[in-house]
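Novice: Coordinates in model.txt, compact mmCIF, C-alpha atoms and all ligand atoms, are listed below.
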```
# COMPACT_ATOMS: atom_id res chain seq x y z
CA MET A 7 155.39 126.51 124.86
CA SER A 8 154.47 122.99 123.89
CA VAL A 9 153.61 120.17 126.24
CA ARG A 10 154.86 116.69 125.48
CA LEU A 11 152.42 114.03 126.54
CA THR A 12 153.64 110.45 126.62
CA PHE A 13 151.19 107.58 126.76
CA VAL A 14 153.17 105.48 129.20
CA GLY A 15 150.30 103.03 129.18
CA SER A 16 147.20 102.94 126.97
CA GLY A 17 145.75 99.54 127.83
CA ASP A 18 142.71 98.46 129.76
CA ALA A 19 142.83 96.79 133.18
CA PHE A 20 143.58 93.39 131.67
CA ALA A 21 146.52 94.22 129.42
CA GLY A 22 144.56 93.98 126.16
CA GLY A 23 146.99 93.71 123.27
CA GLY A 24 149.83 93.32 125.79
CA ARG A 25 149.55 97.00 126.65
CA PHE A 26 150.46 98.64 129.93
CA ASN A 27 147.95 100.07 132.41
CA THR A 28 146.86 103.68 132.09
CA CYS A 29 149.49 106.29 132.80
CA LEU A 30 150.10 109.68 131.17
CA HIS A 31 153.33 111.64 131.52
CA LEU A 32 153.32 115.40 130.92
CA GLU A 33 156.42 117.48 130.51
CA ALA A 34 157.37 120.88 129.15
CA ASP A 35 160.61 122.80 129.08
CA GLY A 36 161.27 124.43 132.42
CA THR A 37 158.26 122.78 134.03
CA GLU A 38 158.24 119.90 136.51
CA PRO A 39 156.79 116.69 135.03
CA LEU A 40 153.36 115.44 136.06
CA LEU A 41 152.03 111.91 135.99
CA LEU A 42 148.31 111.23 135.55
CA ASP A 43 147.45 107.82 137.01
CA CYS A 44 149.97 105.13 137.88
CA GLY A 45 148.61 101.67 137.18
CA ALA A 46 149.97 98.39 138.46
CA SER A 47 152.35 98.00 135.50
CA SER A 48 153.40 101.66 135.24
CA LEU A 49 156.87 101.38 136.79
CA ILE A 50 157.81 98.77 134.17
CA ALA A 51 156.40 101.00 131.43
CA LEU A 52 158.25 104.10 132.67
CA LYS A 53 161.54 102.25 132.74
CA ARG A 54 160.95 100.79 129.30
CA LEU A 55 160.61 104.38 128.02
CA SER A 56 163.70 105.49 129.97
CA ILE A 57 161.66 107.97 132.00
CA ASP A 58 163.41 108.24 135.35
CA PRO A 59 160.76 107.45 137.99
CA ALA A 60 162.68 109.54 140.52
CA SER A 61 162.17 112.61 138.32
CA ILE A 62 158.41 112.48 138.95
CA GLY A 63 157.42 114.65 141.89
CA HIS A 64 153.67 114.78 141.29
CA VAL A 65 151.10 112.09 140.53
CA ALA A 66 147.39 112.92 140.13
CA LEU A 67 144.90 110.05 140.25
CA THR A 68 141.51 109.73 138.61
CA HIS A 69 140.18 106.90 140.76
CA LEU A 70 141.14 104.05 143.04
CA HIS A 71 141.19 101.00 140.78
CA GLY A 72 144.42 98.98 140.66
CA ASP A 73 145.05 99.69 136.98
CA HIS A 74 145.08 103.42 137.80
CA PHE A 75 146.76 103.70 141.22
CA GLY A 76 148.14 100.21 141.94
CA GLY A 77 151.65 101.11 140.75
CA LEU A 78 152.35 103.59 143.55
CA PRO A 79 154.03 101.11 145.93
CA TRP A 80 156.56 100.17 143.25
CA LEU A 81 157.19 103.81 142.37
CA ILE A 82 157.89 104.55 146.03
CA LEU A 83 160.00 101.48 146.80
CA ASP A 84 161.99 101.96 143.62
CA GLY A 85 162.74 105.49 144.81
CA GLN A 86 163.76 104.20 148.20
CA PHE A 87 166.28 101.75 146.74
CA ALA A 88 167.48 104.29 144.15
CA SER A 89 168.26 106.79 146.95
CA ARG A 90 165.66 109.22 145.70
CA THR A 91 165.46 112.49 147.61
CA LYS A 92 162.86 114.37 145.58
CA PRO A 93 159.56 114.57 147.49
CA LEU A 94 156.63 112.69 145.99
CA GLU A 95 153.23 114.32 146.10
CA ILE A 96 150.10 112.35 145.27
CA LEU A 97 146.70 113.95 144.72
CA GLY A 98 143.61 111.83 144.36
CA PRO A 99 139.91 111.57 145.13
CA PRO A 100 138.47 111.30 148.64
CA LYS A 101 139.67 108.09 150.39
CA THR A 102 143.04 108.20 148.60
CA ARG A 103 145.00 108.47 151.89
CA GLU A 104 143.22 105.48 153.41
CA ARG A 105 143.45 103.28 150.28
CA PHE A 106 147.07 104.24 149.66
CA ASP A 107 148.01 103.09 153.18
CA GLN A 108 146.07 99.84 152.68
CA LEU A 109 147.74 99.26 149.32
CA LEU A 110 151.24 99.65 150.76
CA ASP A 111 150.41 97.50 153.79
CA VAL A 112 149.08 94.65 151.66
CA LEU A 113 151.76 94.61 148.98
CA TYR A 114 154.80 95.49 151.06
CA PRO A 115 154.11 95.09 154.78
CA GLY A 116 156.37 97.37 156.79
CA ALA A 117 157.09 99.67 153.86
CA ARG A 118 154.79 102.40 155.12
CA GLU A 119 156.69 102.74 158.38
CA ALA A 120 160.13 102.43 156.76
CA GLU A 121 162.34 105.48 156.77
CA ARG A 122 162.84 107.07 153.36
CA ALA A 123 165.04 109.90 152.18
CA PHE A 124 162.04 111.56 150.54
CA PRO A 125 158.66 112.51 151.93
CA THR A 126 155.49 111.12 150.39
CA ILE A 127 152.61 113.55 150.71
CA VAL A 128 149.08 112.41 149.88
CA SER A 129 146.23 114.87 149.46
CA GLU A 130 142.70 114.72 148.10
CA TYR A 131 140.56 116.68 145.67
CA THR A 132 138.19 119.33 146.85
CA GLU A 133 135.31 120.66 144.80
CA ARG A 134 137.38 123.63 143.67
CA PRO A 135 140.32 123.88 141.27
CA GLN A 136 143.57 123.11 143.09
CA THR A 137 147.16 124.01 142.49
CA PHE A 138 149.22 120.84 142.44
CA GLY A 139 152.93 121.36 141.79
CA PRO A 140 153.28 122.51 138.18
CA ALA A 141 149.56 122.18 137.42
CA ARG A 142 146.17 123.47 138.31
CA ILE A 143 143.66 120.64 138.47
CA THR A 144 139.89 120.58 138.55
CA ALA A 145 138.37 117.19 139.35
CA TYR A 146 134.88 116.33 138.09
CA PRO A 147 132.93 113.36 139.48
CA VAL A 148 132.18 110.86 136.70
CA ILE A 149 130.27 107.57 136.49
CA HIS A 150 132.25 104.41 137.24
CA THR A 151 132.48 101.97 140.17
CA PRO A 152 131.36 104.30 142.99
CA GLN A 153 133.73 102.76 145.55
CA THR A 154 136.69 103.95 143.46
CA MET A 155 135.63 107.60 143.82
CA PRO A 156 135.85 108.17 140.05
CA HIS A 157 136.82 111.58 138.68
CA GLY A 158 137.77 113.11 135.36
CA LEU A 159 140.50 115.73 135.44
CA ARG A 160 140.89 119.07 133.74
CA VAL A 161 144.57 119.90 133.97
CA GLU A 162 146.09 123.28 133.24
CA TYR A 163 149.76 122.69 132.59
CA ALA A 164 152.41 124.89 130.98
CA GLY A 165 149.78 127.11 129.39
CA LYS A 166 147.75 124.24 127.92
CA VAL A 167 144.55 122.53 129.00
CA ILE A 168 144.54 118.75 128.99
CA ALA A 169 141.35 116.96 129.93
CA TYR A 170 141.32 113.32 130.92
CA SER A 171 138.18 111.28 131.48
CA GLY A 172 139.54 108.64 133.84
CA ASP A 173 137.15 105.68 133.65
CA THR A 174 133.52 106.55 133.04
CA GLU A 175 130.42 105.76 131.06
CA TRP A 176 128.99 108.62 129.01
CA THR A 177 127.99 111.62 131.09
CA ASP A 178 127.39 115.20 129.95
CA THR A 179 130.06 116.12 132.49
CA LEU A 180 132.56 115.15 129.79
CA ILE A 181 131.35 118.06 127.68
CA GLU A 182 132.18 120.54 130.45
CA LEU A 183 135.38 118.72 131.38
CA SER A 184 136.78 118.96 127.85
CA ALA A 185 135.32 122.31 126.77
CA LYS A 186 137.95 124.24 124.79
CA ALA A 187 140.68 121.88 125.98
CA ASP A 188 143.77 121.63 123.80
CA LEU A 189 143.60 117.87 124.22
CA PHE A 190 141.01 115.49 125.61
CA VAL A 191 142.22 111.99 126.44
CA CYS A 192 139.14 109.83 126.78
CA GLU A 193 138.70 106.25 127.82
CA CYS A 194 137.19 103.91 125.24
CA ASN A 195 137.08 100.52 126.87
CA PHE A 196 134.69 98.80 124.47
CA PHE A 197 133.90 98.92 120.77
CA ASP A 198 130.12 98.68 120.78
CA LYS A 199 129.31 96.87 124.02
CA LYS A 200 127.24 98.99 126.39
CA ALA A 201 128.40 98.27 129.92
CA PRO A 202 127.98 100.34 133.08
CA GLY A 203 130.99 102.44 134.06
CA HIS A 204 132.78 102.49 130.72
CA LEU A 205 132.55 104.13 127.31
CA ASP A 206 132.46 102.42 123.95
CA TYR A 207 133.71 103.63 120.58
CA GLU A 208 130.25 103.74 119.03
CA THR A 209 128.92 106.07 121.74
CA LEU A 210 131.97 108.31 121.78
CA ALA A 211 132.08 108.68 118.00
CA ALA A 212 128.38 109.66 118.03
CA ARG A 213 129.02 112.20 120.81
CA ARG A 214 132.14 113.69 119.19
CA PRO A 215 130.29 116.72 117.72
CA GLN A 216 129.25 117.71 121.25
CA LEU A 217 132.86 117.86 122.44
CA GLU A 218 134.53 121.21 121.95
CA CYS A 219 138.08 120.01 122.49
CA GLU A 220 140.78 120.82 119.97
CA ARG A 221 141.97 117.23 119.76
CA LEU A 222 140.55 113.95 121.05
CA VAL A 223 142.62 110.83 121.65
CA ILE A 224 141.08 107.60 122.91
CA THR A 225 142.83 105.28 125.33
CA HIS A 226 142.12 102.40 127.78
CA MET A 227 141.04 100.15 124.92
CA ASN A 228 140.25 96.50 125.37
CA GLN A 229 141.11 93.69 122.98
CA ASP A 230 137.93 94.18 120.92
CA VAL A 231 138.70 97.84 120.18
CA LEU A 232 142.33 97.05 119.31
CA ALA A 233 141.25 94.25 116.99
CA ARG A 234 139.17 96.76 115.02
CA ALA A 235 141.84 99.48 114.93
CA ASP A 236 141.44 99.81 111.15
CA GLU A 237 137.83 100.94 111.58
CA LEU A 238 138.54 103.68 114.12
CA GLU A 239 137.96 107.22 112.93
CA LEU A 240 139.02 108.71 116.25
CA GLU A 241 142.73 109.06 117.00
CA ALA A 242 143.86 106.25 119.28
CA ALA A 243 146.77 106.11 121.73
CA THR A 244 149.53 103.52 121.64
CA ASP A 245 152.01 102.66 124.37
CA GLY A 246 155.00 104.96 124.22
CA ALA A 247 153.40 107.44 121.80
CA VAL A 248 154.45 111.02 122.41
CA ILE A 249 152.22 113.83 121.23
CA SER A 250 152.88 117.51 121.24
CA VAL A 251 150.11 119.68 122.63
ZN ZN Y 301 138.46 101.84 136.67
```
Go ahead and render the structure in this file as structure tokens.
Ligand SMILES: [Zn+2]

Specialist:
Amino acid sequence: MSVRLTFVGSGDAFAGGGRFNTCLHLEADGTEPLLLDCGASSLIALKRLSIDPASIGHVALTHLHGDHFGGLPWLILDGQFASRTKPLEILGPPKTRERFDQLLDVLYPGAREAERAFPTIVSEYTERPQTFGPARITAYPVIHTPQTMPHGLRVEYAGKVIAYSGDTEWTDTLIELSAKADLFVCECNFFDKKAPGHLDYETLAARRPQLECERLVITHMNQDVLARADELELEAATDGAVISV
């Protein structure tokens, strides 16, 4: 069975190239969809692609930066006004419950206490693989702003393994995370700039032989990477691109 992965958003935090914040949508015939990350602009991006937000029952988060989890209040309020009844389950790193409550309280005061026709259930990663709706997810700590509790995810979904770096600088953890994966979606924020907490194209291209994944696609690219798209030898995501895994 093949998995269809849609890059709902492939941009960096600051909308480089006018792209949407990071969000991946997985679907397969007969399997519930799964969203990986839901950035601040993700509801707009989902609607632009005609993906019904109310069809998404499970959202897994890599870390607690706004361009990766800031879209949750809009996803929830949109469901409320669209008379959604499907439960929404969110799985994220430690502190997700606390930050999620704070996020809702700041953006839409009163929304957390409001009655909704669907439950919102928030849970957090443990150190072991977890079953989460249609998927089995293993979360690996990676290296990014520590306060965001950064993790990369290894997702078993509809018989395939999809690895996703979240935001991170190079760490050998990425080798384990993506070992034998059918697809590895890896952040590539910079072209050659070495900055803490993020990867750059030069480093990733040099490390490619160490990665045992079947296919590697880079995402979360800033303006500099997009401006040099012609030079990229690694496959790069675009907003709205659908790939079959
Ligand atoms: Zn981040």

Novice: Could you please determine the separation between CA of Arg213 (chain A) and CA of Tyr170 (chain A) in Å, to one decimal place?

Specialist: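 Going from CA of Arg213 (chain A) over to CA of Tyr170 (chain A), I get 16.0 Å.
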
Novice: Taking 2 positions as the minimum chain separation for residues in the same chain, which residues sit within 8 Å of Thr177 (chain A) when counting all atoms listed in the file? Answer as a list in words.

Specialist: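 Once the adjacent positions are removed, what remains is Val148, Ile149, Thr174, Glu175, Thr179 and Leu180 of chain A.
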
Novice: Around all the atoms of region 178-192 of chain A listed in the file, draw an axis-aligned box and extend it by 5 Å on each of the six sides; I want its centre and edge lengths in Å to one decimal, as lines of an AutoDock Vina configuration file.

Specialist:
```
center_x = 135.6
center_y = 117.0
center_z = 128.1
size_x = 26.4
size_y = 24.4
size_z = 18.7
```

Novice: Just want the 9 Å neighbourhood of region 116-130 of chain A, counted on all atoms listed in the file, with same-chain residues fewer than 4 positions away dropped. Output as a JSON list (two decimals) with C-alpha atoms, in the frame of the given file.

Specialist:
```
[["chain", "number", "residue", "atom", "x", "y", "z"],
["A", 79, "PRO", "CA", 154.03, 101.11, 145.93],
["A", 82, "ILE", "CA", 157.89, 104.55, 146.03],
["A", 83, "LEU", "CA", 160.00, 101.48, 146.80],
["A", 85, "GLY", "CA", 162.74, 105.49, 144.81],
["A", 86, "GLN", "CA", 163.76, 104.20, 148.20],
["A", 89, "SER", "CA", 168.26, 106.79, 146.95],
["A", 90, "ARG", "CA", 165.66, 109.22, 145.70],
["A", 91, "THR", "CA", 165.46, 112.49, 147.61],
["A", 92, "LYS", "CA", 162.86, 114.37, 145.58],
["A", 93, "PRO", "CA", 159.56, 114.57, 147.49],
["A", 94, "LEU", "CA", 156.63, 112.69, 145.99],
["A", 95, "GLU", "CA", 153.23, 114.32, 146.10],
["A", 96, "ILE", "CA", 150.10, 112.35, 145.27],
["A", 97, "LEU", "CA", 146.70, 113.95, 144.72],
["A", 98, "GLY", "CA", 143.61, 111.83, 144.36],
["A", 99, "PRO", "CA", 139.91, 111.57, 145.13],
["A", 100, "PRO", "CA", 138.47, 111.30, 148.64],
["A", 101, "LYS", "CA", 139.67, 108.09, 150.39],
["A", 102, "THR", "CA", 143.04, 108.20, 148.60],
["A", 103, "ARG", "CA", 145.00, 108.47, 151.89],
["A", 106, "PHE", "CA", 147.07, 104.24, 149.66],
["A", 107, "ASP", "CA", 148.01, 103.09, 153.18],
["A", 110, "LEU", "CA", 151.24, 99.65, 150.76],
["A", 111, "ASP", "CA", 150.41, 97.50, 153.79]]
```

Novice: Measuring between only C-alpha atoms, which one of A:Trp80, A:Phe138, A:Phe20, A:Tyr131 shows the shortest distance to Gly63 (chain A)?

Specialist: A:Phe138

Novice: Write out as number ranges by chain each polymer residue whose atoms come within 9 Å of Asp173 (chain A), counting only C-alpha atoms; drop sequence neighbours fewer than 3 positions from it.

Specialist: A: 68-69, 148-151, 156-158, 192-195, 203-205, 226

Novice: When distances are computed from all atoms listed in the file, which of A:Glu239, A:Asp18, A:Asp206, A:Asp58 shows the smallest separation from Met227 (chain A)?

Specialist: A:Asp18

Novice: Just to confirm, what's the straight-line distance from CA of Glu162 (chain A) to CA of Leu210 (chain A) in Å (one decimal)?

Specialist: 23.6 Å

Novice: Could you tell me how far CA of Glu241 (chain A) lies from CA of Cys219 (chain A), in Å and to one decimal?

Specialist: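 Spanning CA of Glu241 (chain A) to CA of Cys219 (chain A) is a straight-line distance of 13.1 Å.
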
Novice: Could you check the closest approach to ligand ZN 301 (chain Y) for each of A:Ala185, A:Ala34, A:Leu70, A:Val248 and tell me which residue wins, using all atoms listed in the file?

Specialist: A:Leu70

Novice: Find the residues with any atom within 12 Å of (152.9, 103.7, 131.3); use all atoms listed in the file and the coordinates as given in the file, and write the answer as JSON, numbers by chain.

Specialist: {"A": [11, 12, 13, 14, 15, 16, 17, 18, 21, 25, 26, 27, 28, 29, 30, 31, 32, 41, 42, 43, 44, 45, 46, 47, 48, 49, 50, 51, 52, 53, 54, 55, 56, 57, 59, 73, 74, 75, 77, 81, 225, 226, 243, 244, 245, 246, 247, 248]}

Novice: Out of A:Glu220, A:Trp176, A:Gly165, A:Leu232, which residue has the shortest atom-to-atom distance to Lys200 (chain A) when counting all atoms listed in the file?

Specialist: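 Nearest to Lys200 (chain A): A:Trp176.
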
Novice: Extract, using all atoms listed in the file, all DNA, RNA and protein residues at most 9 Å from Leu183 (chain A), discarding same-chain residues fewer than 2 positions from it, and format them as a list in words.

Specialist: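 Here the qualifying residues turn out to be Thr144, Ala145, Tyr146, Gly158, Leu159, Arg160, Ala169, Tyr170, Ser171, Asp178, Thr179, Leu180, Ile181, Ala185, Lys186, Ala187 and Phe190 of chain A.
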
Novice: Any idea what's packed within 7 Å of Val231 (chain A), counting all atoms listed in the file, ignoring anything in its chain fewer than 3 positions away? Could you give it as a VMD selection string?

Specialist: chain A and resid 196 to 197 227 to 228 234 to 235

Novice: Emit the selected residues as a short mmCIF file (atom, residue, chain, number, x, y, z; two decimals), keeping the file's coordinate frame, including C-alpha atoms.

Specialist:
```
data_model
loop_
_atom_site.label_atom_id
_atom_site.label_comp_id
_atom_site.auth_asym_id
_atom_site.auth_seq_id
_atom_site.Cartn_x
_atom_site.Cartn_y
_atom_site.Cartn_z
CA PHE A 196 134.69 98.80 124.47
CA PHE A 197 133.90 98.92 120.77
CA MET A 227 141.04 100.15 124.92
CA ASN A 228 140.25 96.50 125.37
CA ARG A 234 139.17 96.76 115.02
CA ALA A 235 141.84 99.48 114.93
#
```

Novice: Given the choices A:Val65, A:Met155, A:Ala164, A:Val223, which gets closest to ligand ZN 301 (chain Y) if the distance is worked out from all atoms listed in the file?

Specialist: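 With all atoms listed in the file as the atom set, the closest residue is A:Met155.
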
Novice: My list of candidates is A:Pro202, A:Ile143, A:Asp188, A:Ala88. Which is closest to ligand ZN 301 (chain Y) when distances are computed with all atoms listed in the file?

Specialist: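 So, comparing all the options, the nearest one is A:Pro202.
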
Novice: Could you model N, CA and C atoms for region 24-43 of chain A and present them as a short mmCIF file (atom, residue, chain, number, x, y, z; two decimals), in the frame of the given file?

Specialist:
```cif
data_model
loop_
_atom_site.label_atom_id
_atom_site.label_comp_id
_atom_site.auth_asym_id
_atom_site.auth_seq_id
_atom_site.Cartn_x
_atom_site.Cartn_y
_atom_site.Cartn_z
N GLY A 24 148.53 93.28 125.12
CA GLY A 24 149.83 93.32 125.79
C GLY A 24 150.23 94.72 126.23
N ARG A 25 149.24 95.60 126.30
CA ARG A 25 149.55 97.00 126.65
C ARG A 25 149.62 97.20 128.17
N PHE A 26 150.31 98.28 128.52
CA PHE A 26 150.46 98.64 129.93
C PHE A 26 149.23 99.38 130.44
N ASN A 27 149.07 99.35 131.76
CA ASN A 27 147.95 100.07 132.41
C ASN A 27 148.07 101.58 132.18
N THR A 28 146.95 102.24 132.36
CA THR A 28 146.86 103.68 132.09
C THR A 28 147.85 104.52 132.90
N CYS A 29 148.57 105.35 132.17
CA CYS A 29 149.49 106.29 132.80
C CYS A 29 149.89 107.32 131.74
N LEU A 30 149.74 108.60 132.09
CA LEU A 30 150.10 109.68 131.17
C LEU A 30 151.21 110.50 131.80
N HIS A 31 152.20 110.84 131.01
CA HIS A 31 153.33 111.64 131.52
C HIS A 31 153.35 112.97 130.77
N LEU A 32 153.28 114.06 131.52
CA LEU A 32 153.32 115.40 130.92
C LEU A 32 154.64 116.05 131.25
N GLU A 33 155.22 116.70 130.25
CA GLU A 33 156.42 117.48 130.51
C GLU A 33 156.47 118.66 129.55
N ALA A 34 157.17 119.69 129.97
CA ALA A 34 157.37 120.88 129.15
C ALA A 34 158.67 121.52 129.62
N ASP A 35 159.34 122.19 128.72
CA ASP A 35 160.61 122.80 129.08
C ASP A 35 160.44 123.73 130.28
N GLY A 36 161.29 123.55 131.25
CA GLY A 36 161.27 124.43 132.42
C GLY A 36 160.13 124.17 133.37
N THR A 37 159.41 123.10 133.16
CA THR A 37 158.26 122.78 134.03
C THR A 37 158.44 121.37 134.60
N GLU A 38 158.16 121.21 135.88
CA GLU A 38 158.24 119.90 136.51
C GLU A 38 157.29 118.91 135.82
N PRO A 39 157.71 117.66 135.65
CA PRO A 39 156.79 116.69 135.03
C PRO A 39 155.60 116.36 135.94
N LEU A 40 154.57 115.83 135.33
CA LEU A 40 153.36 115.44 136.06
C LEU A 40 152.89 114.11 135.51
N LEU A 41 152.56 113.20 136.40
CA LEU A 41 152.03 111.91 135.99
C LEU A 41 150.53 111.89 136.28
N LEU A 42 149.74 111.42 135.32
CA LEU A 42 148.31 111.23 135.55
C LEU A 42 148.06 109.73 135.59
N ASP A 43 147.66 109.23 136.72
CA ASP A 43 147.45 107.82 137.01
C ASP A 43 148.77 107.04 136.98
#
```
